[in-house]
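Following: one structure in structure tokens, then a few remarks.
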Amino acid sequence: MGKNMQLISLLYVVEFTMVAFTLLVVDGQRLIESPIVRLDIQTNQVTMSNGIVNVTLSTPYGFVTSISYGGVNNLLATQNVEKDRGYWDIFWNRTTSKRARKKFLENNFEVIMDTENQAEISFKSTWNASQSDELPLNSDLRFVMLRDTPGFYTYAIVERLEGWPLVYIENLRVVFKLQQDMFHYMAISDERQRIMPMPVDRETGKVLDYKEAVLLTNPTNPNLKGEVDDKYFYASDNKDDRVHGWVSSTNPPVGFWMIIPNDEFRTGGPYKQDLTSHVGPTVLSIFVSRHFAGDDLVIKFQQGEPWKKVIGPVFLYLNSNSSAMDNPIILWEDAKRRMNQEVASWPYDFPVSEEYIKSNQRGMVRGQLLINDSSMTLVSASNGYIGLAPPGDVGSWQRENKGYQFWTKTDAMGNFTIENVISGTYNLYATVPGIMGDYKYTFDVQVTPGSSIDLGSLVYNPPRNGATLWEIGVPDRTAAEFFVPAPPPEYNVHVYQNNVESIFRQYGLWEQYSILYPENDLVYNVGTSNYSKDWFFAHVTRNIGNKTYISTTWKIIFDLEIVDNASNYTLQIALAAAQGAKLQVRFNDEKVVEPHFTTGKIGGDNAIARHGIHGLYFLYSIEVKGNLLVNGTNTIFLTQTIATNPFQGVMYDYLRLEGPHQ
């Protein structure tokens with residue numbers, strides 16, 4: 001016998017907020033279901049609500065002006081003007097030689113979907129040729145609220161049409177600024193969590209070598225006195241940045257979290273570093289930037305070049321638990337659980353825009369990657385990062401900034417499956433910890449909707465011309481294995497919860513080179529020196545006083561029993577970062593005018609100043625004629641020649657001398 005069912009919509013006030021519920025009547029019994037999603041459109045604003053969270057945006061501009069949750073009327077910074085609380089923005093210019101101009105992405109308001117289960121609204125901005133001084137870019141910002149969901153989603157469709165003028169885009173991001181008297185605890189990862197300074201502490205502190213770094217001289221929390229605050233302390237690699245945010249000091253505590261479920265829409269691949277959360281309190285998701293990379297990651301559109309890309313969605317997740325009053329990690333752990341749910345749900349099925357590609361329109365690529373290096377035996381490329389990115393040269397993925405990228409990790413046997421790939425033509429790239437260089441598959445990979453491509457077993461032959469005579473470091477694209485000093489004594493060590501110390505994310509580490517080597521530069525003796533103790537993490541300039549800096553020359557001393565003068569040897573130098581540097585290499589003759597090798601001027605990642613242990617990766621295979629070497633003791637001279645400031649230099653990833661070519 002069928003049941004008599006009837007749906008009735010109810011509307012009443014809960015905690016001064018209108019909440020709409022669905023009343024399900026089954027055979028005369030009244031069963032209240034969860035609150036429905038509701039849009040409240042007024043003259044200058046629109047509010048999305050679902051009985052859990054209310055989000056108010058200004059119209060027609062699309063600024064997020066209020067987020068209420070957990071009994072808190074507004075989590076956002078009410079002391080700020082409305083356009084400085086939650087927003088999308090972009091930094092752009094017509095040339096890289098001028099400071100980028102900031103533009104908020106906003107304009108016309110439109111309701112895309114308004115049902116009991118989902119609301120999606122749009123704020124569009126359209127460029128035309130009469131706007132010659134405006135950013136030549138169309139944008140469509142979307143905000144989505146789902147039923148039973150403690151938070152909301154946001155994404156953007158950005159587009160250039162054919163024939164539009166040249167433009168450079170330096171930064172594209174979404175920003176949320178929170179109540180500063182409410183949010184004090186920040187979490188970036190399991191290890192990187194702590195009570196943070198207040199904005200006023202930066203205002204009363206001492207600005208150091210650059211404006212982002214401030215010594216806390218009289219902080220509101222006396223435990224932080226003597227520390228340095230710098231937003232770059234909290235940068236993360238794309239591959240490690242899935243969730244970050246803040247926990248409030250209210251009762252009960254509220255967590256405000258940025259969840260980035262996938263990296264396909266971010267530039268630079270898995271090792272690209274960028275900002276996360278920092279003092280403000282500020283929560284970011286950055287999709288395009290030059291941070292830790294320089295001009296290589298600025299998107300440079302030429303005259304007439306068309307482009308379209310969907311950025312996001314990202315998820316703003318809110319949680320609360322009274323037990324977190326004395327233990328904010330409770331909310332962090334819950335945020336991680338929610339993050340895993342969002343990652344598993346990618347690609348989402350709810351965005352209404354046809355530009356957002358759903359799972360049934362995507363393809364899959366699988367295979368196995370093996371390594372053929374110094375032995376005749378193939379070994380599995382375990383725990384490597386392997387991905388599809390727009391066609392380019394070997395390693396070009398780290399500088400790629402216009403298309404989509406799809407990455408995964410290989411398992412212990414080198415097997416990989418790259419799922420949910422948008423249709424297109426790609427190259428397959430890989431980088432494997434412990435193996436020097438970058439892999440690139442020989443052929444293009446053409447992905448079509450629903451395709452499942454099995455590439456079989458692939459073999460990576462890393463750069464090598466001869467047997468290893470000696471090596472320094474570990475090929476992992478970072479300088480983390482080398483000696484990182486304690487910060488200068490005038491700065492307290494920057495620590496996280498439970499006294500966890502971030503070894504290289506400390507201010508002033510570059511200054512310590514001149515302290516450790518006041519007159520003579522670093523000398524490394526192969527066979528007796530230990531790179532974790534005797535190889536400074538960054539080859540920087542020497543400060544000789546009065547803000548005067550000089551170039552530095554490091555020496556590698558090694559013995560060769562028998563040199564084949566008629567053969568060529570190879571010096572492999574992999575760099576983890578470079579900033580305005582020129583590295584020159586000489587063999588057994590420091591005074592020779594013309595170096596045997598020079599990189600030329602390279603690098604703009606600023607990783608030394610910004611406490612990154614890596615930036616962009618460089619690899620140089622230097623041919624060494626046998627007659628440059630001698631039987632017995634040899635010396636390689638590494639000179640970083642440009643010396644106008646303390647931040648110029650390189651970070652080495654790995655060095656290896658190979659015997660005669662085989």
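Residues are referred to by chain and number: the chain letter is A, B, ... according to the order shown in the structure tokens, the number counts from 1 in that chain, and ligands are numbered separately from 1 in the order shown.
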| said: Taking 3 positions as the minimum chain separation for residues in the same chain, which residues sit within 9 Å of region 167-171 of chain A when counting only C-alpha atoms? Answer as an MDAnalysis selection string. | reply: chainID A and resid 89:96 100 102 135:136 164 286:290 295 297:303
| request: Give me the residues within 7 Å of region 47-52 of chain A as a ChimeraX atom specification, counting only C-alpha atoms and dropping any in the same chain fewer than 6 places off. | output: /A:19,35-41,69,145,147-148,150
| request: Output as a PyMOL selection string all residues of region 396-575 of chain A that backbone DSSP marks as strand (DSSP E). | output: chain A and resi 406-409+415-422+424-431+439-440+445-447+452-460+468-473+523-525+539-540+542-545+548-550+552-560+568-575
| request: Find the distance between CA of Ala77 (chain A) and CA of Ser277 (chain A) and write it in Å to one decimal. | output: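 Pair CA of Ala77 (chain A) / CA of Ser277 (chain A) returns 14.8 Å.
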| task | Counting only C-alpha atoms, figure out which residue out of A:Asn108, A:Ser248, A:Gln118, A:Gln45 gets nearest to Leu76 (chain A). | result |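 Ranking A:Asn108, A:Ser248, A:Gln118, A:Gln45 by distance to Leu76 (chain A), first place goes to A:Ser248.
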| task | Rank nothing, just name the residue among A:Tyr491, A:Phe152, A:Trp554, A:Trp470 nearest to Tyr517 (chain A), using only C-alpha atoms. | result |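 Selected residue with least distance to Tyr517 (chain A): A:Trp554.
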| task | Can you pull out every residue within 9 Å of Pro219 (chain A), counting only C-alpha atoms, but drop anything in the same chain fewer than 6 positions away, and send it as number ranges by chain? | result | A: 197-198, 200-202, 204-205, 225-226
| said: What's around Gly163 (chain A) at 9 Å? Count only C-alpha atoms, leave out sequence neighbours fewer than 4 positions away in its own chain, and write the answer as a VMD selection string. | reply: chain A and resid 303 to 306
| query | What is the distance, in Å and to one decimal place, between CA of Glu120 (chain A) and CA of Asn238 (chain A)? | reply |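 So the answer is 27.4 Å.
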| field | Spatial neighbours of Leu655 (chain A), max dist 7 Å, only C-alpha atoms, sep filter under 3 positions, as a ChimeraX atom specification | value | /A:471-473,572-574
